[in-house]
file coords.pdb (PDB, N, CA and C atoms, pLDDT in the B column)
ATOM      1  N   ILE B  26    -128.211 -22.897 220.251  1.00 75.00           N
ATOM      2  CA  ILE B  26    -126.872 -23.438 220.423  1.00 75.00           C
ATOM      3  C   ILE B  26    -126.956 -24.948 220.286  1.00 75.00           C
ATOM      4  N   LYS B  27    -126.057 -25.488 219.533  1.00 83.00           N
ATOM      5  CA  LYS B  27    -126.001 -26.944 219.369  1.00 83.00           C
ATOM      6  C   LYS B  27    -124.738 -27.456 220.045  1.00 83.00           C
ATOM      7  N   ILE B  28    -124.921 -28.314 221.030  1.00 85.00           N
ATOM      8  CA  ILE B  28    -123.791 -28.958 221.689  1.00 85.00           C
ATOM      9  C   ILE B  28    -124.075 -30.449 221.780  1.00 85.00           C
ATOM     10  N   LYS B  29    -123.008 -31.225 221.840  1.00 90.00           N
ATOM     11  CA  LYS B  29    -123.172 -32.675 221.886  1.00 90.00           C
ATOM     12  C   LYS B  29    -123.697 -33.145 223.236  1.00 90.00           C
ATOM     13  N   TYR B  30    -123.296 -32.454 224.301  1.00 92.00           N
ATOM     14  CA  TYR B  30    -123.653 -32.877 225.657  1.00 92.00           C
ATOM     15  C   TYR B  30    -124.024 -31.659 226.494  1.00 92.00           C
ATOM     16  N   ILE B  31    -124.688 -31.906 227.620  1.00 93.00           N
ATOM     17  CA  ILE B  31    -124.950 -30.818 228.561  1.00 93.00           C
ATOM     18  C   ILE B  31    -124.224 -31.046 229.881  1.00 93.00           C
ATOM     19  N   SER B  32    -123.850 -32.270 230.156  1.00 92.00           N
ATOM     20  CA  SER B  32    -123.145 -32.594 231.388  1.00 92.00           C
ATOM     21  C   SER B  32    -121.702 -32.112 231.304  1.00 92.00           C
ATOM     22  N   LEU B  33    -121.233 -31.464 232.354  1.00 90.00           N
ATOM     23  CA  LEU B  33    -119.864 -30.962 232.361  1.00 90.00           C
ATOM     24  C   LEU B  33    -118.850 -32.087 232.180  1.00 90.00           C
ATOM     25  N   VAL B  34    -119.095 -33.222 232.799  1.00 93.00           N
ATOM     26  CA  VAL B  34    -118.206 -34.376 232.649  1.00 93.00           C
ATOM     27  C   VAL B  34    -118.105 -34.778 231.180  1.00 93.00           C
ATOM     28  N   ASN B  35    -119.231 -34.912 230.522  1.00 93.00           N
ATOM     29  CA  ASN B  35    -119.239 -35.320 229.125  1.00 93.00           C
ATOM     30  C   ASN B  35    -118.623 -34.256 228.220  1.00 93.00           C
ATOM     31  N   LEU B  36    -118.884 -32.993 228.520  1.00 92.00           N
ATOM     32  CA  LEU B  36    -118.301 -31.916 227.716  1.00 92.00           C
ATOM     33  C   LEU B  36    -116.779 -31.913 227.805  1.00 92.00           C
ATOM     34  N   ILE B  37    -116.269 -32.045 229.012  1.00 89.00           N
ATOM     35  CA  ILE B  37    -114.817 -32.038 229.197  1.00 89.00           C
ATOM     36  C   ILE B  37    -114.176 -33.245 228.536  1.00 89.00           C
ATOM     37  N   MET B  38    -114.773 -34.405 228.706  1.00 92.00           N
ATOM     38  CA  MET B  38    -114.207 -35.641 228.153  1.00 92.00           C
ATOM     39  C   MET B  38    -114.514 -35.800 226.657  1.00 92.00           C
ATOM     40  N   ASP B  39    -115.431 -35.002 226.148  1.00 92.00           N
ATOM     41  CA  ASP B  39    -115.863 -35.054 224.751  1.00 92.00           C
ATOM     42  C   ASP B  39    -116.356 -36.442 224.360  1.00 92.00           C
ATOM     43  N   LYS B  40    -117.053 -37.070 225.295  1.00 96.00           N
ATOM     44  CA  LYS B  40    -117.704 -38.346 225.046  1.00 96.00           C
ATOM     45  C   LYS B  40    -118.728 -38.564 226.150  1.00 96.00           C
ATOM     46  N   GLN B  41    -119.625 -39.508 225.942  1.00 96.00           N
ATOM     47  CA  GLN B  41    -120.630 -39.777 226.963  1.00 96.00           C
ATOM     48  C   GLN B  41    -120.045 -40.657 228.058  1.00 96.00           C
ATOM     49  N   VAL B  42    -119.704 -40.036 229.171  1.00 96.00           N
ATOM     50  CA  VAL B  42    -119.230 -40.755 230.352  1.00 96.00           C
ATOM     51  C   VAL B  42    -120.436 -41.104 231.217  1.00 96.00           C
ATOM     52  N   VAL B  43    -121.297 -40.115 231.404  1.00 95.00           N
ATOM     53  CA  VAL B  43    -122.528 -40.318 232.166  1.00 95.00           C
ATOM     54  C   VAL B  43    -123.719 -40.153 231.236  1.00 95.00           C
ATOM     55  N   LYS B  44    -124.714 -40.962 231.448  1.00 95.00           N
ATOM     56  CA  LYS B  44    -125.928 -40.912 230.627  1.00 95.00           C
ATOM     57  C   LYS B  44    -126.686 -39.640 230.944  1.00 95.00           C
ATOM     58  N   GLU B  45    -127.074 -38.914 229.916  1.00 96.00           N
ATOM     59  CA  GLU B  45    -127.844 -37.696 230.079  1.00 96.00           C
ATOM     60  C   GLU B  45    -129.303 -37.992 229.755  1.00 96.00           C
ATOM     61  N   LEU B  46    -130.111 -38.039 230.775  1.00 96.00           N
ATOM     62  CA  LEU B  46    -131.542 -38.272 230.605  1.00 96.00           C
ATOM     63  C   LEU B  46    -132.231 -36.917 230.633  1.00 96.00           C
ATOM     64  N   ILE B  47    -132.458 -36.376 229.450  1.00 93.00           N
ATOM     65  CA  ILE B  47    -132.941 -35.008 229.313  1.00 93.00           C
ATOM     66  C   ILE B  47    -134.375 -35.016 228.791  1.00 93.00           C
ATOM     67  N   GLN B  48    -135.192 -34.195 229.391  1.00 93.00           N
ATOM     68  CA  GLN B  48    -136.587 -33.977 229.019  1.00 93.00           C
ATOM     69  C   GLN B  48    -137.340 -35.299 228.879  1.00 93.00           C
ATOM     70  N   ASP B  49    -137.783 -35.639 227.694  1.00 95.00           N
ATOM     71  CA  ASP B  49    -138.607 -36.837 227.498  1.00 95.00           C
ATOM     72  C   ASP B  49    -137.849 -38.135 227.777  1.00 95.00           C
ATOM     73  N   GLU B  50    -136.520 -38.076 227.793  1.00 95.00           N
ATOM     74  CA  GLU B  50    -135.727 -39.275 228.068  1.00 95.00           C
ATOM     75  C   GLU B  50    -135.702 -39.634 229.553  1.00 95.00           C
ATOM     76  N   LEU B  51    -136.081 -38.684 230.399  1.00 96.00           N
ATOM     77  CA  LEU B  51    -136.107 -38.946 231.843  1.00 96.00           C
ATOM     78  C   LEU B  51    -137.423 -39.622 232.205  1.00 96.00           C
ATOM     79  N   THR B  52    -137.420 -40.923 232.022  1.00 97.00           N
ATOM     80  CA  THR B  52    -138.592 -41.731 232.361  1.00 97.00           C
ATOM     81  C   THR B  52    -138.210 -42.677 233.489  1.00 97.00           C
ATOM     82  N   THR B  53    -139.197 -43.226 234.127  1.00 97.00           N
ATOM     83  CA  THR B  53    -138.934 -44.176 235.210  1.00 97.00           C
ATOM     84  C   THR B  53    -138.128 -45.359 234.704  1.00 97.00           C
ATOM     85  N   SER B  54    -138.519 -45.896 233.563  1.00 98.00           N
ATOM     86  CA  SER B  54    -137.814 -47.080 233.044  1.00 98.00           C
ATOM     87  C   SER B  54    -136.370 -46.754 232.661  1.00 98.00           C
ATOM     88  N   ASN B  55    -136.129 -45.591 232.053  1.00 97.00           N
ATOM     89  CA  ASN B  55    -134.755 -45.207 231.715  1.00 97.00           C
ATOM     90  C   ASN B  55    -133.919 -44.976 232.967  1.00 97.00           C
ATOM     91  N   LEU B  56    -134.509 -44.355 233.959  1.00 97.00           N
ATOM     92  CA  LEU B  56    -133.803 -44.091 235.204  1.00 97.00           C
ATOM     93  C   LEU B  56    -133.454 -45.394 235.927  1.00 97.00           C
ATOM     94  N   VAL B  57    -134.404 -46.314 235.981  1.00 97.00           N
ATOM     95  CA  VAL B  57    -134.156 -47.619 236.604  1.00 97.00           C
ATOM     96  C   VAL B  57    -133.044 -48.350 235.861  1.00 97.00           C
ATOM     97  N   ARG B  58    -133.088 -48.332 234.524  1.00 96.00           N
ATOM     98  CA  ARG B  58    -132.060 -49.000 233.723  1.00 96.00           C
ATOM     99  C   ARG B  58    -130.666 -48.426 234.028  1.00 96.00           C
ATOM    100  N   GLU B  59    -130.557 -47.114 234.065  1.00 96.00           N
ATOM    101  CA  GLU B  59    -129.257 -46.483 234.320  1.00 96.00           C
ATOM    102  C   GLU B  59    -128.776 -46.739 235.740  1.00 96.00           C
ATOM    103  N   LEU B  60    -129.672 -46.708 236.706  1.00 96.00           N
ATOM    104  CA  LEU B  60    -129.288 -46.991 238.086  1.00 96.00           C
ATOM    105  C   LEU B  60    -128.823 -48.430 238.251  1.00 96.00           C
ATOM    106  N   ARG B  61    -129.482 -49.353 237.561  1.00 96.00           N
ATOM    107  CA  ARG B  61    -129.043 -50.756 237.620  1.00 96.00           C
ATOM    108  C   ARG B  61    -127.648 -50.915 237.044  1.00 96.00           C
ATOM    109  N   LEU B  62    -127.369 -50.208 235.948  1.00 94.00           N
ATOM    110  CA  LEU B  62    -126.020 -50.255 235.380  1.00 94.00           C
ATOM    111  C   LEU B  62    -124.987 -49.759 236.391  1.00 94.00           C
ATOM    112  N   LEU B  63    -125.331 -48.656 237.068  1.00 94.00           N
ATOM    113  CA  LEU B  63    -124.409 -48.078 238.050  1.00 94.00           C
ATOM    114  C   LEU B  63    -124.190 -48.979 239.254  1.00 94.00           C
ATOM    115  N   LEU B  64    -125.193 -49.736 239.604  1.00 95.00           N
ATOM    116  CA  LEU B  64    -125.121 -50.550 240.814  1.00 95.00           C
ATOM    117  C   LEU B  64    -124.767 -52.016 240.571  1.00 95.00           C
ATOM    118  N   GLU B  65    -125.061 -52.525 239.384  1.00 96.00           N
ATOM    119  CA  GLU B  65    -124.983 -53.970 239.195  1.00 96.00           C
ATOM    120  C   GLU B  65    -124.118 -54.443 238.030  1.00 96.00           C
ATOM    121  N   ALA B  66    -123.654 -53.557 237.175  1.00 96.00           N
ATOM    122  CA  ALA B  66    -122.913 -53.981 235.980  1.00 96.00           C
ATOM    123  C   ALA B  66    -121.419 -53.714 236.165  1.00 96.00           C
ATOM    124  N   PRO B  67    -120.654 -54.742 236.545  1.00 96.00           N
ATOM    125  CA  PRO B  67    -119.228 -54.541 236.826  1.00 96.00           C
ATOM    126  C   PRO B  67    -118.452 -53.877 235.682  1.00 96.00           C
ATOM    127  N   GLY B  68    -118.737 -54.252 234.458  1.00 96.00           N
ATOM    128  CA  GLY B  68    -118.036 -53.643 233.320  1.00 96.00           C
ATOM    129  C   GLY B  68    -118.336 -52.167 233.190  1.00 96.00           C
ATOM    130  N   HIS B  69    -119.589 -51.808 233.399  1.00 96.00           N
ATOM    131  CA  HIS B  69    -120.006 -50.398 233.332  1.00 96.00           C
ATOM    132  C   HIS B  69    -119.372 -49.607 234.473  1.00 96.00           C
ATOM    133  N   ILE B  70    -119.392 -50.194 235.647  1.00 95.00           N
ATOM    134  CA  ILE B  70    -118.810 -49.537 236.824  1.00 95.00           C
ATOM    135  C   ILE B  70    -117.316 -49.307 236.616  1.00 95.00           C
ATOM    136  N   GLN B  71    -116.609 -50.295 236.109  1.00 97.00           N
ATOM    137  CA  GLN B  71    -115.166 -50.173 235.881  1.00 97.00           C
ATOM    138  C   GLN B  71    -114.872 -49.105 234.837  1.00 97.00           C
ATOM    139  N   ALA B  72    -115.647 -49.082 233.747  1.00 96.00           N
ATOM    140  CA  ALA B  72    -115.445 -48.070 232.699  1.00 96.00           C
ATOM    141  C   ALA B  72    -115.671 -46.668 233.257  1.00 96.00           C
ATOM    142  N   LEU B  73    -116.687 -46.525 234.100  1.00 96.00           N
ATOM    143  CA  LEU B  73    -116.976 -45.233 234.714  1.00 96.00           C
ATOM    144  C   LEU B  73    -115.829 -44.793 235.620  1.00 96.00           C
ATOM    145  N   LYS B  74    -115.306 -45.726 236.412  1.00 96.00           N
ATOM    146  CA  LYS B  74    -114.169 -45.408 237.287  1.00 96.00           C
ATOM    147  C   LYS B  74    -112.950 -44.985 236.463  1.00 96.00           C
ATOM    148  N   GLU B  75    -112.697 -45.675 235.367  1.00 97.00           N
ATOM    149  CA  GLU B  75    -111.557 -45.332 234.517  1.00 97.00           C
ATOM    150  C   GLU B  75    -111.738 -43.953 233.882  1.00 97.00           C
ATOM    151  N   ASP B  76    -112.955 -43.665 233.426  1.00 96.00           N
ATOM    152  CA  ASP B  76    -113.213 -42.349 232.836  1.00 96.00           C
ATOM    153  C   ASP B  76    -113.059 -41.237 233.866  1.00 96.00           C
ATOM    154  N   TYR B  77    -113.525 -41.478 235.087  1.00 95.00           N
ATOM    155  CA  TYR B  77    -113.366 -40.461 236.124  1.00 95.00           C
ATOM    156  C   TYR B  77    -111.896 -40.279 236.511  1.00 95.00           C
ATOM    157  N   ALA B  78    -111.110 -41.335 236.470  1.00 95.00           N
ATOM    158  CA  ALA B  78    -109.670 -41.215 236.732  1.00 95.00           C
ATOM    159  C   ALA B  78    -109.014 -40.378 235.640  1.00 95.00           C
ATOM    160  N   LYS B  79    -109.409 -40.595 234.386  1.00 94.00           N
ATOM    161  CA  LYS B  79    -108.879 -39.794 233.273  1.00 94.00           C
ATOM    162  C   LYS B  79    -109.295 -38.337 233.408  1.00 94.00           C
ATOM    163  N   LEU B  80    -110.545 -38.123 233.827  1.00 91.00           N
ATOM    164  CA  LEU B  80    -111.034 -36.762 234.035  1.00 91.00           C
ATOM    165  C   LEU B  80    -110.233 -36.061 235.127  1.00 91.00           C
ATOM    166  N   LYS B  81    -109.980 -36.761 236.217  1.00 90.00           N
ATOM    167  CA  LYS B  81    -109.203 -36.179 237.315  1.00 90.00           C
ATOM    168  C   LYS B  81    -107.798 -35.814 236.844  1.00 90.00           C
ATOM    169  N   ALA B  82    -107.175 -36.699 236.081  1.00 89.00           N
ATOM    170  CA  ALA B  82    -105.833 -36.419 235.560  1.00 89.00           C
ATOM    171  C   ALA B  82    -105.865 -35.212 234.630  1.00 89.00           C
ATOM    172  N   LEU B  83    -106.878 -35.152 233.791  1.00 87.00           N
ATOM    173  CA  LEU B  83    -107.005 -34.030 232.858  1.00 87.00           C
ATOM    174  C   LEU B  83    -107.181 -32.714 233.598  1.00 87.00           C
ATOM    175  N   LEU B  84    -108.024 -32.724 234.629  1.00 83.00           N
ATOM    176  CA  LEU B  84    -108.269 -31.505 235.386  1.00 83.00           C
ATOM    177  C   LEU B  84    -107.093 -31.128 236.290  1.00 83.00           C
ATOM    178  N   SER B  85    -106.224 -32.085 236.567  1.00 81.00           N
ATOM    179  CA  SER B  85    -105.072 -31.824 237.432  1.00 81.00           C
ATOM    180  C   SER B  85    -103.865 -31.301 236.665  1.00 81.00           C
ATOM    181  N   GLU B  86    -103.934 -31.336 235.335  1.00 81.00           N
ATOM    182  CA  GLU B  86    -102.810 -30.843 234.542  1.00 81.00           C
ATOM    183  C   GLU B  86    -102.568 -29.380 234.879  1.00 81.00           C
ATOM    184  N   GLY B  87    -101.347 -29.033 235.072  1.00 75.00           N
ATOM    185  CA  GLY B  87    -101.020 -27.661 235.387  1.00 75.00           C
ATOM    186  C   GLY B  87    -101.096 -27.348 236.867  1.00 75.00           C
ATOM    187  N   GLY B  88    -101.338 -28.338 237.694  1.00 75.00           N
ATOM    188  CA  GLY B  88    -101.334 -28.130 239.138  1.00 75.00           C
ATOM    189  C   GLY B  88    -102.683 -27.755 239.701  1.00 75.00           C
ATOM    190  N   ASN B  89    -102.652 -27.157 240.868  1.00 77.00           N
ATOM    191  CA  ASN B  89    -103.862 -26.808 241.612  1.00 77.00           C
ATOM    192  C   ASN B  89    -104.426 -25.492 241.081  1.00 77.00           C
ATOM    193  N   ALA B  90    -105.521 -25.559 240.351  1.00 75.00           N
ATOM    194  CA  ALA B  90    -106.108 -24.377 239.714  1.00 75.00           C
ATOM    195  C   ALA B  90    -106.551 -23.345 240.745  1.00 75.00           C
ATOM    196  N   SER B  91    -107.141 -23.774 241.848  1.00 79.00           N
ATOM    197  CA  SER B  91    -107.607 -22.827 242.868  1.00 79.00           C
ATOM    198  C   SER B  91    -106.437 -22.072 243.479  1.00 79.00           C
ATOM    199  N   GLU B  92    -105.357 -22.803 243.784  1.00 83.00           N
ATOM    200  CA  GLU B  92    -104.180 -22.165 244.361  1.00 83.00           C
ATOM    201  C   GLU B  92    -103.558 -21.177 243.378  1.00 83.00           C
ATOM    202  N   GLN B  93    -103.482 -21.571 242.129  1.00 79.00           N
ATOM    203  CA  GLN B  93    -102.909 -20.677 241.116  1.00 79.00           C
ATOM    204  C   GLN B  93    -103.752 -19.415 240.949  1.00 79.00           C
ATOM    205  N   ALA B  94    -105.067 -19.577 240.940  1.00 79.00           N
ATOM    206  CA  ALA B  94    -105.949 -18.415 240.814  1.00 79.00           C
ATOM    207  C   ALA B  94    -105.795 -17.491 242.020  1.00 79.00           C
ATOM    208  N   ALA B  95    -105.743 -18.058 243.216  1.00 85.00           N
ATOM    209  CA  ALA B  95    -105.578 -17.243 244.427  1.00 85.00           C
ATOM    210  C   ALA B  95    -104.258 -16.486 244.394  1.00 85.00           C
ATOM    211  N   THR B  96    -103.195 -17.142 243.951  1.00 85.00           N
ATOM    212  CA  THR B  96    -101.883 -16.498 243.868  1.00 85.00           C
ATOM    213  C   THR B  96    -101.908 -15.341 242.876  1.00 85.00           C
ATOM    214  N   LEU B  97    -102.513 -15.548 241.727  1.00 82.00           N
ATOM    215  CA  LEU B  97    -102.614 -14.488 240.720  1.00 82.00           C
ATOM    216  C   LEU B  97    -103.402 -13.290 241.248  1.00 82.00           C
ATOM    217  N   ILE B  98    -104.506 -13.562 241.934  1.00 85.00           N
ATOM    218  CA  ILE B  98    -105.325 -12.480 242.484  1.00 85.00           C
ATOM    219  C   ILE B  98    -104.555 -11.736 243.567  1.00 85.00           C
ATOM    220  N   TYR B  99    -103.890 -12.466 244.434  1.00 86.00           N
ATOM    221  CA  TYR B  99    -103.102 -11.849 245.507  1.00 86.00           C
ATOM    222  C   TYR B  99    -101.996 -10.971 244.923  1.00 86.00           C
ATOM    223  N   ASP B 100    -101.249 -11.512 243.961  1.00 85.00           N
ATOM    224  CA  ASP B 100    -100.162 -10.757 243.339  1.00 85.00           C
ATOM    225  C   ASP B 100    -100.692  -9.505 242.647  1.00 85.00           C
ATOM    226  N   PHE B 101    -101.822  -9.629 241.956  1.00 81.00           N
ATOM    227  CA  PHE B 101    -102.420  -8.478 241.273  1.00 81.00           C
ATOM    228  C   PHE B 101    -102.818  -7.406 242.280  1.00 81.00           C
ATOM    229  N   ALA B 102    -103.471  -7.826 243.386  1.00 84.00           N
ATOM    230  CA  ALA B 102    -103.901  -6.890 244.407  1.00 84.00           C
ATOM    231  C   ALA B 102    -102.708  -6.198 245.054  1.00 84.00           C
ATOM    232  N   ARG B 103    -101.652  -6.970 245.326  1.00 82.00           N
ATOM    233  CA  ARG B 103    -100.448  -6.416 245.951  1.00 82.00           C
ATOM    234  C   ARG B 103     -99.779  -5.399 245.022  1.00 82.00           C
ATOM    235  N   LEU B 104     -99.682  -5.712 243.741  1.00 82.00           N
ATOM    236  CA  LEU B 104     -99.060  -4.799 242.791  1.00 82.00           C
ATOM    237  C   LEU B 104     -99.917  -3.552 242.589  1.00 82.00           C
ATOM    238  N   SER B 105    -101.229  -3.693 242.658  1.00 76.00           N
ATOM    239  CA  SER B 105    -102.125  -2.550 242.477  1.00 76.00           C
ATOM    240  C   SER B 105    -101.972  -1.555 243.625  1.00 76.00           C
ATOM    241  N   GLN B 106    -101.672  -2.040 244.830  1.00 74.00           N
ATOM    242  CA  GLN B 106    -101.497  -1.162 245.976  1.00 74.00           C
ATOM    243  C   GLN B 106    -100.210  -0.363 245.856  1.00 74.00           C
ATOM    244  N   HIS B 107     -99.203  -0.968 245.245  1.00 66.00           N
ATOM    245  CA  HIS B 107     -97.903  -0.300 245.152  1.00 66.00           C
ATOM    246  C   HIS B 107     -97.751   0.487 243.855  1.00 66.00           C
ATOM    247  N   GLY B 108     -98.664   0.322 242.947  1.00 57.00           N
ATOM    248  CA  GLY B 108     -98.531   0.948 241.631  1.00 57.00           C
ATOM    249  C   GLY B 108     -99.199   2.239 241.563  1.00 57.00           C
TER     250      GLY B 108
END
call {"tool": "encode", "arguments": {"input": "coords.pdb", "output": "structure tokens"}}
result
Amino acid sequence: IKIKYISLVNLIMDKQVVKELIQDELTTSNLVRELRLLLEAPGHIQALKEDYAKLKALLSEGGNASEQAATLIYDFARLSQHG
């Protein structure tokens, strides 16, 4: 299977929001570099916050997914008892 990303955040946003350090890329120096960006780079931090806000808005479209799923299951179960 060929996919652009493995992180759920990146897959949903269809862009690299979070750095994916996979297999040989997970080195001490790469990890330190990414952690410094997260902790010390205001521009990087702001971009990450904006992307997460967009992700939250995207995932919130259509309302509360858990509540909707519970309602559908409840209604199905109730109708199955009477049917």
call {"tool": "atom_distance", "arguments": {"input": "coords.pdb", "atom1": "atom N of Arg103 (chain B)", "atom2": "CA of Ser91 (chain B)"}}
result
17.1 Å
call {"tool": "atom_distance", "arguments": {"input": "coords.pdb", "atom1": "atom N of Arg58 (chain B)", "atom2": "atom C of Lys81 (chain B)"}}
result
28.3 Å
call {"tool": "atom_distance", "arguments": {"input": "coords.pdb", "atom1": "atom C of Leu33 (chain B)", "atom2": "atom C of Leu60 (chain B)"}}
result
20.1 Å
call {"tool": "residues_around", "arguments": {"input": "coords.pdb", "residues": "Val42 (chain B)", "least_positions_apart": "4", "cutoff": "7 Å", "atoms": "only C-alpha atoms", "output": "PyMOL selection string"}}
result
chain B and resi 34-35+73+76
call {"tool": "resolve_selection", "arguments": {"input": "coords.pdb", "expression": "the PyMOL selection byres (((chain B and resi 37-40 and name CA) around 12) and name CA)", "output": "number ranges by chain"}}
result
B: 28-36, 41-45, 73, 75-84
call {"tool": "select_by_dssp", "arguments": {"input": "coords.pdb", "residues": "chain B", "states": "helix (DSSP H, G or I)", "output": "MDAnalysis selection string"}}
result
chainID B and resid 33:38 48:50 53:65 67:85 90:107
call {"tool": "decode", "arguments": {"input": "coords.pdb", "residues": "region 66-80 of chain B", "atoms": "N, CA and C atoms", "output": "mmCIF file, in the first residue's frame"}}
result
data_model
loop_
_atom_site.group_PDB
_atom_site.id
_atom_site.type_symbol
_atom_site.label_atom_id
_atom_site.label_comp_id
_atom_site.auth_asym_id
_atom_site.auth_seq_id
_atom_site.Cartn_x
_atom_site.Cartn_y
_atom_site.Cartn_z
ATOM 1 N N ALA B 66 10.303 27.448 18.401
ATOM 2 C CA ALA B 66 10.124 28.183 17.142
ATOM 3 C C ALA B 66 8.711 28.760 17.066
ATOM 4 N N PRO B 67 8.552 30.044 17.401
ATOM 5 C CA PRO B 67 7.213 30.641 17.436
ATOM 6 C C PRO B 67 6.420 30.476 16.133
ATOM 7 N N GLY B 68 7.072 30.619 15.004
ATOM 8 C CA GLY B 68 6.369 30.461 13.724
ATOM 9 C C GLY B 68 5.860 29.052 13.525
ATOM 10 N N HIS B 69 6.673 28.081 13.900
ATOM 11 C CA HIS B 69 6.284 26.666 13.787
ATOM 12 C C HIS B 69 5.138 26.357 14.745
ATOM 13 N N ILE B 70 5.257 26.862 15.951
ATOM 14 C CA ILE B 70 4.219 26.639 16.964
ATOM 15 C C ILE B 70 2.894 27.240 16.503
ATOM 16 N N GLN B 71 2.920 28.444 15.973
ATOM 17 C CA GLN B 71 1.698 29.109 15.509
ATOM 18 C C GLN B 71 1.074 28.346 14.349
ATOM 19 N N ALA B 72 1.898 27.894 13.397
ATOM 20 C CA ALA B 72 1.380 27.129 12.253
ATOM 21 C C ALA B 72 0.727 25.834 12.725
ATOM 22 N N LEU B 73 1.345 25.184 13.704
ATOM 23 C CA LEU B 73 0.792 23.948 14.250
ATOM 24 C C LEU B 73 -0.552 24.206 14.924
ATOM 25 N N LYS B 74 -0.634 25.287 15.696
ATOM 26 C CA LYS B 74 -1.899 25.642 16.351
ATOM 27 C C LYS B 74 -2.990 25.922 15.313
ATOM 28 N N GLU B 75 -2.640 26.622 14.250
ATOM 29 C CA GLU B 75 -3.617 26.928 13.205
ATOM 30 C C GLU B 75 -4.085 25.655 12.498
ATOM 31 N N ASP B 76 -3.146 24.753 12.218
ATOM 32 C CA ASP B 76 -3.524 23.493 11.573
ATOM 33 C C ASP B 76 -4.423 22.654 12.472
ATOM 34 N N TYR B 77 -4.125 22.629 13.767
ATOM 35 C CA TYR B 77 -4.979 21.873 14.680
ATOM 36 C C TYR B 77 -6.363 22.513 14.814
ATOM 37 N N ALA B 78 -6.449 23.824 14.733
ATOM 38 C CA ALA B 78 -7.755 24.497 14.754
ATOM 39 C C ALA B 78 -8.548 24.123 13.508
ATOM 40 N N LYS B 79 -7.884 24.073 12.353
ATOM 41 C CA LYS B 79 -8.550 23.662 11.110
ATOM 42 C C LYS B 79 -9.000 22.210 11.192
ATOM 43 N N LEU B 80 -8.150 21.368 11.784
ATOM 44 C CA LEU B 80 -8.501 19.961 11.957
ATOM 45 C C LEU B 80 -9.730 19.816 12.848
#
